file model23.txt (compact mmCIF, C-alpha atoms)
# COMPACT_ATOMS: atom_id res chain seq x y z
CA MET A 245 -11.38 -24.37 -89.01
CA GLU A 246 -13.16 -25.59 -85.88
CA LYS A 247 -12.20 -23.94 -82.60
CA ILE A 248 -11.52 -25.86 -79.39
CA LEU A 249 -11.16 -24.31 -75.94
CA ILE A 250 -9.10 -26.21 -73.36
CA ILE A 251 -9.76 -25.16 -69.75
CA GLU A 252 -6.99 -26.98 -67.87
CA ASP A 253 -4.63 -25.81 -65.12
CA ASP A 254 -1.97 -28.45 -65.82
CA ILE A 255 -0.11 -26.72 -68.63
CA ASP A 256 1.75 -29.90 -69.63
CA ILE A 257 -1.50 -31.81 -70.17
CA ALA A 258 -3.06 -28.82 -71.92
CA ALA A 259 -0.06 -28.52 -74.24
CA ILE A 260 -0.29 -32.19 -75.22
CA GLU A 261 -4.01 -31.82 -75.93
CA ARG A 262 -3.37 -28.69 -77.98
CA ASP A 263 -0.53 -30.20 -79.99
CA TYR A 264 -2.47 -33.29 -81.02
CA LEU A 265 -5.57 -31.27 -81.88
CA GLU A 266 -3.57 -28.77 -83.93
CA ILE A 267 -1.99 -31.62 -85.88
CA ASP A 268 -5.55 -32.51 -86.89
CA HIS A 269 -6.15 -28.93 -88.03
CA PHE A 270 -8.15 -27.61 -85.11
CA GLU A 271 -7.68 -24.09 -83.81
CA VAL A 272 -6.98 -24.37 -80.09
CA GLU A 273 -6.85 -21.95 -77.17
CA ILE A 274 -5.80 -22.76 -73.60
CA VAL A 275 -7.00 -21.12 -70.38
CA THR A 276 -5.61 -22.28 -67.03
CA ASP A 277 -8.00 -20.48 -64.65
CA GLY A 278 -11.63 -21.43 -64.11
CA LYS A 279 -13.12 -17.92 -64.04
CA GLU A 280 -11.13 -16.81 -67.07
CA GLY A 281 -12.09 -20.04 -68.83
CA LEU A 282 -15.78 -19.32 -68.31
CA LYS A 283 -15.42 -15.80 -69.69
CA LYS A 284 -13.49 -17.00 -72.72
CA ALA A 285 -15.95 -19.83 -73.40
CA LEU A 286 -18.93 -17.49 -73.41
CA VAL A 287 -17.51 -15.03 -75.96
CA GLY A 288 -14.96 -16.98 -77.97
CA GLY A 289 -17.22 -18.66 -80.54
CA PHE A 290 -15.84 -22.13 -79.82
CA ASP A 291 -17.15 -25.35 -81.35
CA LEU A 292 -16.22 -27.62 -78.42
CA ILE A 293 -14.85 -27.27 -74.90
CA LEU A 294 -12.48 -29.61 -73.04
CA LEU A 295 -13.11 -28.87 -69.38
CA ASP A 296 -11.01 -30.05 -66.45
CA LEU A 297 -12.83 -30.60 -63.15
CA MET A 298 -10.31 -29.29 -60.62
CA LEU A 299 -9.42 -25.70 -61.51
CA PRO A 300 -8.29 -22.59 -59.64
CA GLY A 301 -10.83 -19.79 -59.44
CA MET A 302 -13.88 -21.89 -60.32
CA ASP A 303 -14.35 -25.65 -60.54
CA GLY A 304 -15.39 -27.48 -63.68
CA PHE A 305 -18.82 -28.41 -62.32
CA THR A 306 -19.76 -24.75 -61.80
CA ILE A 307 -18.36 -23.76 -65.18
CA CYS A 308 -20.34 -26.49 -66.94
CA ARG A 309 -23.58 -25.45 -65.24
CA LYS A 310 -23.07 -21.80 -66.17
CA LEU A 311 -22.10 -22.62 -69.77
CA ARG A 312 -25.23 -24.69 -70.26
CA GLU A 313 -27.36 -21.65 -69.45
CA SER A 314 -26.38 -20.11 -72.79
CA LEU A 315 -24.27 -22.53 -74.86
CA ASP A 316 -25.36 -25.69 -76.63
CA ILE A 317 -22.00 -26.90 -77.94
CA PRO A 318 -20.29 -30.18 -76.92
CA ILE A 319 -18.61 -30.08 -73.50
CA LEU A 320 -16.23 -32.92 -72.63
CA MET A 321 -15.14 -33.13 -69.01
CA VAL A 322 -11.59 -34.30 -68.35
CA THR A 323 -11.17 -35.85 -64.93
CA ALA A 324 -8.58 -37.71 -62.90
CA ARG A 325 -11.26 -38.84 -60.46
CA ARG A 326 -12.52 -42.36 -60.96
CA GLU A 327 -15.51 -42.16 -58.63
CA ASP A 328 -18.78 -42.58 -60.52
CA ILE A 329 -20.39 -39.81 -58.46
CA ASP A 330 -18.13 -37.24 -60.08
CA LYS A 331 -18.87 -38.49 -63.59
CA ILE A 332 -22.60 -38.58 -62.93
CA ARG A 333 -22.57 -35.12 -61.37
CA GLY A 334 -20.76 -33.68 -64.39
CA LEU A 335 -23.07 -35.31 -66.89
CA GLY A 336 -26.06 -34.22 -64.86
CA LEU A 337 -24.94 -30.59 -65.18
CA GLY A 338 -24.94 -30.82 -68.96
CA ALA A 339 -21.61 -32.29 -70.03
CA ASP A 340 -21.89 -34.49 -73.13
CA ASP A 341 -19.20 -36.95 -72.12
CA TYR A 342 -16.09 -37.37 -69.98
CA ILE A 343 -12.53 -38.55 -70.50
CA GLU A 344 -10.45 -40.03 -67.68
CA LYS A 345 -6.83 -39.13 -67.07
CA PRO A 346 -4.46 -40.54 -68.04
CA PHE A 347 -5.72 -40.83 -71.59
CA SER A 348 -4.25 -41.56 -74.98
CA PRO A 349 -3.98 -38.35 -77.04
CA SER A 350 -5.27 -40.26 -80.07
CA VAL A 351 -8.36 -41.29 -78.10
CA LEU A 352 -8.89 -37.68 -77.08
CA VAL A 353 -8.75 -36.50 -80.69
CA ALA A 354 -11.11 -39.30 -81.76
CA ARG A 355 -13.62 -38.30 -79.08
CA VAL A 356 -13.44 -34.65 -80.09
CA LYS A 357 -13.99 -35.49 -83.77
CA SER A 358 -16.87 -37.80 -82.93
CA HIS A 359 -18.70 -35.21 -80.83
CA LEU A 360 -18.19 -32.48 -83.42
CA SER A 361 -19.45 -34.78 -86.16
CA GLN A 362 -22.51 -35.78 -84.16
CA TYR A 363 -23.23 -32.16 -83.26
CA ALA A 364 -22.98 -31.07 -86.91
CA ARG A 365 -25.24 -33.91 -88.02
CA LEU A 366 -27.80 -33.01 -85.38
CA LYS A 367 -27.91 -29.40 -86.56
CA LYS A 368 -28.46 -30.28 -90.20
CA THR A 369 -31.94 -30.01 -91.66
CA GLY A 370 -33.57 -32.27 -94.18
CA GLN A 371 -33.35 -35.42 -92.09
CA THR A 372 -34.88 -38.55 -93.59
CA VAL A 373 -37.35 -38.84 -90.74
CA PRO A 374 -40.88 -37.43 -90.41
CA THR A 375 -41.06 -33.71 -89.65
CA GLN A 376 -43.54 -34.40 -86.87
CA ILE A 377 -43.47 -37.45 -84.59
CA SER A 378 -46.16 -37.92 -81.95
CA ILE A 379 -46.46 -40.72 -79.41
CA GLY A 380 -48.82 -40.30 -76.49
CA ASN A 381 -48.41 -36.78 -75.13
CA ILE A 382 -44.93 -36.37 -76.65
CA ARG A 383 -44.42 -34.53 -79.92
CA ILE A 384 -41.11 -33.98 -81.74
CA ASN A 385 -40.54 -31.50 -84.54
CA THR A 386 -37.45 -32.91 -86.25
CA GLY A 387 -37.07 -29.85 -88.45
CA THR A 388 -36.61 -27.49 -85.52
CA HIS A 389 -35.34 -30.11 -83.01
CA ARG A 390 -38.05 -29.11 -80.56
CA VAL A 391 -39.79 -31.47 -78.17
CA TYR A 392 -43.17 -30.92 -76.57
CA VAL A 393 -44.89 -32.73 -73.71
CA ASP A 394 -48.61 -31.93 -73.37
CA ASP A 395 -47.96 -29.14 -75.90
CA ARG A 396 -45.42 -27.58 -73.53
CA GLU A 397 -41.90 -27.27 -74.94
CA VAL A 398 -39.17 -29.01 -72.96
CA GLU A 399 -35.54 -28.07 -73.41
CA LEU A 400 -33.30 -30.98 -74.36
CA LYS A 401 -29.55 -30.84 -74.83
CA ASN A 402 -27.94 -32.30 -77.94
CA LYS A 403 -27.41 -35.84 -76.74
CA GLU A 404 -30.73 -35.93 -74.90
CA TYR A 405 -32.53 -35.03 -78.11
CA GLU A 406 -30.58 -37.54 -80.18
CA LEU A 407 -31.18 -40.29 -77.65
CA LEU A 408 -34.91 -39.60 -77.48
CA LEU A 409 -35.25 -39.43 -81.26
CA PHE A 410 -33.33 -42.67 -81.74
CA LEU A 411 -35.45 -44.53 -79.20
CA ILE A 412 -38.72 -43.19 -80.64
CA LEU A 413 -37.69 -44.09 -84.19
CA ASN A 414 -37.05 -47.63 -82.90
CA VAL A 415 -40.09 -47.85 -80.66
CA ASP A 416 -40.43 -51.01 -78.52
CA MET A 417 -36.94 -52.21 -79.51
CA VAL A 418 -34.52 -52.92 -76.65
CA PHE A 419 -30.98 -51.52 -76.81
CA ASN A 420 -28.24 -52.12 -74.30
CA ALA A 421 -26.17 -49.20 -73.00
CA GLU A 422 -23.16 -50.09 -75.14
CA THR A 423 -25.20 -50.02 -78.34
CA LEU A 424 -26.83 -46.72 -77.42
CA TYR A 425 -23.45 -45.16 -76.71
CA GLU A 426 -22.07 -46.33 -80.03
CA ARG A 427 -25.13 -45.09 -81.94
CA ILE A 428 -25.53 -41.71 -80.21
CA TRP A 429 -22.00 -40.81 -79.20
CA GLY A 430 -20.43 -42.42 -82.25
CA MET A 431 -17.69 -44.32 -80.47
CA GLU A 432 -17.10 -47.69 -78.88
CA ALA A 433 -18.53 -47.72 -75.36
CA MET A 434 -15.36 -49.21 -73.82
CA GLY A 435 -17.33 -50.79 -71.00
CA ASP A 436 -18.53 -47.62 -69.22
CA ASN A 437 -22.30 -47.16 -69.10
CA ALA A 438 -22.50 -44.08 -66.83
CA THR A 439 -22.93 -41.65 -69.72
CA VAL A 440 -25.98 -43.44 -71.13
CA ALA A 441 -27.55 -44.04 -67.72
CA VAL A 442 -27.30 -40.39 -66.73
CA HIS A 443 -28.77 -39.18 -70.03
CA ILE A 444 -31.63 -41.68 -69.70
CA ASN A 445 -32.38 -40.33 -66.21
CA ARG A 446 -32.23 -36.73 -67.44
CA LEU A 447 -34.66 -37.55 -70.24
CA ARG A 448 -37.06 -39.17 -67.82
CA GLU A 449 -36.98 -36.10 -65.58
CA LYS A 450 -37.98 -33.94 -68.54
CA ILE A 451 -40.59 -36.01 -70.37
CA GLU A 452 -42.08 -38.43 -67.84
CA ALA A 453 -44.92 -37.55 -65.48
CA GLU A 454 -43.41 -39.98 -62.97
CA PRO A 455 -39.67 -40.32 -63.68
CA LYS A 456 -39.26 -43.10 -61.10
CA ASN A 457 -42.09 -45.03 -62.71
CA PRO A 458 -41.58 -44.19 -66.40
CA ARG A 459 -44.32 -44.72 -68.94
CA TYR A 460 -42.14 -44.28 -72.00
CA ILE A 461 -38.41 -44.86 -71.43
CA GLN A 462 -38.37 -48.20 -69.69
CA THR A 463 -35.53 -50.25 -68.28
CA VAL A 464 -35.57 -53.87 -69.36
CA TRP A 465 -33.53 -55.45 -66.61
CA GLY A 466 -30.52 -57.33 -67.84
CA ALA A 467 -31.09 -56.18 -71.41
CA GLY A 468 -31.15 -52.37 -71.70
CA TYR A 469 -33.68 -49.65 -72.49
CA ARG A 470 -36.66 -49.22 -74.79
CA PHE A 471 -39.22 -46.57 -75.69
CA LYS A 472 -42.64 -48.06 -75.00
CA ALA A 473 -45.43 -46.90 -77.31

call {"tool": "encode", "arguments": {"input": "model23.txt", "output": "structure tokens"}}
result
Amino acid sequence: MEKILIIEDDIDIAAIERDYLEIDHFEVEIVTDGKEGLKKALVGGFDLILLDLMLPGMDGFTICRKLRESLDIPILMVTARREDIDKIRGLGLGADDYIEKPFSPSVLVARVKSHLSQYARLKKTGQTVPTQISIGNIRINTGTHRVYVDDREVELKNKEYELLLFLILNVDMVFNAETLYERIWGMEAMGDNATVAVHINRLREKIEAEPKNPRYIQTVWGAGYRFKA
């Protein structure tokens, strides 16, 4: 049974999240304090974390940053803030996705299942793609999920790796943000492109010599993104 940790100070919201997840046979724990949530997340052996932004003791941004130093499981931020800067900041610290309050419990469960499924698929070996992929000074070992630039390993998070691999396997093809979200995150984009844009920018920072003038991951204005061979 997969384990979910909910770090949320609103006990009513946390209880709703827990109830719907337990109906779908997840094991769920709730922590209402930020510092305690961080401690629990680091030692609890969880498969996914639902992380509120505004918490007593320690805010969700700080928790996410600290978790990403040692954990590589899906982190979904839950936020009542609608400002893009908050979403972008959270994604930039390593969150895989975000969910806005108020949300439908069924949508929450669908997002959780999608991220767990994508994470499990990413960790599987024996992919039907070449073991080694090299383009320019970038090399990907798909067996170990390692990426090298100029023979120096760069650390990519789950979705960053999936996004890069997808673009490289479809070199020179243009994909809009909605399509990339549906392919990589496994759900309908629902009109919000912030998640894809932030992950594209994070990838550029890690693999491009000049992130503001990218050689590989190019923006095709009005159309989307492509990996240029």

call {"tool": "closest_atom_pairs", "arguments": {"input": "model23.txt", "of": "region 450-470 of chain A", "to": "region 440-446 of chain A", "cutoff": "8 Å", "atoms": "all atoms listed in the file", "output": "Markdown table"}}
result
| residue | atom | partner | partner_atom | distance |
| --- | --- | --- | --- | --- |
| A:Lys450 | CA | A:Arg446 | CA | 6.5 |
| A:Pro455 | CA | A:Asn445 | CA | 7.7 |
| A:Ile461 | CA | A:Ile444 | CA | 7.7 |

call {"tool": "closest_atom_pairs", "arguments": {"input": "model23.txt", "of": "region 406-429 of chain A", "to": "region 334-345 of chain A", "cutoff": "12 Å", "atoms": "only C-alpha atoms", "output": "tab-separated table"}}
result
residue	atom	partner	partner_atom	distance
A:Glu406	CA	A:Asp340	CA	11.6
A:Leu407	CA	A:Asp340	CA	11.8
A:Tyr425	CA	A:Asp341	CA	10.3
A:Ile428	CA	A:Asp340	CA	10.7
A:Trp429	CA	A:Asp341	CA	8.5

call {"tool": "closest_residue", "arguments": {"input": "model23.txt", "among": "A:Tyr469, A:Glu449, A:Pro458, A:Arg396", "to": "Val415 (chain A)", "atoms": "all atoms listed in the file"}}
result
A:Tyr469

call {"tool": "residues_near_point", "arguments": {"input": "model23.txt", "point": "(-35.8, -29.7, -72.0)", "cutoff": "12 Å", "atoms": "only C-alpha atoms", "output": "list in words"}}
result
Arg312, Glu313, Gly338, Ile384, His389, Arg390, Val391, Tyr392, Val393, Arg396, Glu397, Val398, Glu399, Leu400, Lys401, Asn402, Lys403, Glu404, Tyr405, Leu408, His443, Arg446, Leu447, Arg448, Glu449, Lys450, Ile451 and Glu452 of chain A

call {"tool": "closest_residue", "arguments": {"input": "model23.txt", "among": "A:Ala473, A:Ala259, A:Gly289, A:Lys247", "to": "Val272 (chain A)", "atoms": "all atoms listed in the file"}}
result
A:Lys247

call {"tool": "atom_distance", "arguments": {"input": "model23.txt", "atom1": "CA of Glu271 (chain A)", "atom2": "CA of Asp256 (chain A)"}}
result
18.0 Å

call {"tool": "closest_residue", "arguments": {"input": "model23.txt", "among": "A:Glu252, A:Asp316, A:Asp277, A:Glu422", "to": "Leu292 (chain A)", "atoms": "only C-alpha atoms"}}
result
A:Asp316

call {"tool": "atom_distance", "arguments": {"input": "model23.txt", "atom1": "CA of Thr439 (chain A)", "atom2": "CA of Pro300 (chain A)"}}
result
26.1 Å

call {"tool": "residues_near_point", "arguments": {"input": "model23.txt", "point": "(-13.7, -23.5, -77.0)", "cutoff": "10 Å", "atoms": "only C-alpha atoms", "output": "number ranges by chain"}}
result
A: 246-251, 271-275, 281-282, 284-295, 317-319

call {"tool": "residues_around", "arguments": {"input": "model23.txt", "residues": "Leu413 (chain A)", "least_positions_apart": "3", "cutoff": "10 Å", "atoms": "all atoms listed in the file", "output": "PyMOL selection string"}}
result
chain A and resi 373-374+377+407-410+416-417+471

call {"tool": "atom_distance", "arguments": {"input": "model23.txt", "atom1": "CA of Ala324 (chain A)", "atom2": "CA of Met302 (chain A)"}}
result
16.9 Å

call {"tool": "closest_residue", "arguments": {"input": "model23.txt", "among": "A:Gly380, A:Leu299, A:Pro349, A:Leu424", "to": "Gly468 (chain A)", "atoms": "all atoms listed in the file"}}
result
A:Leu424
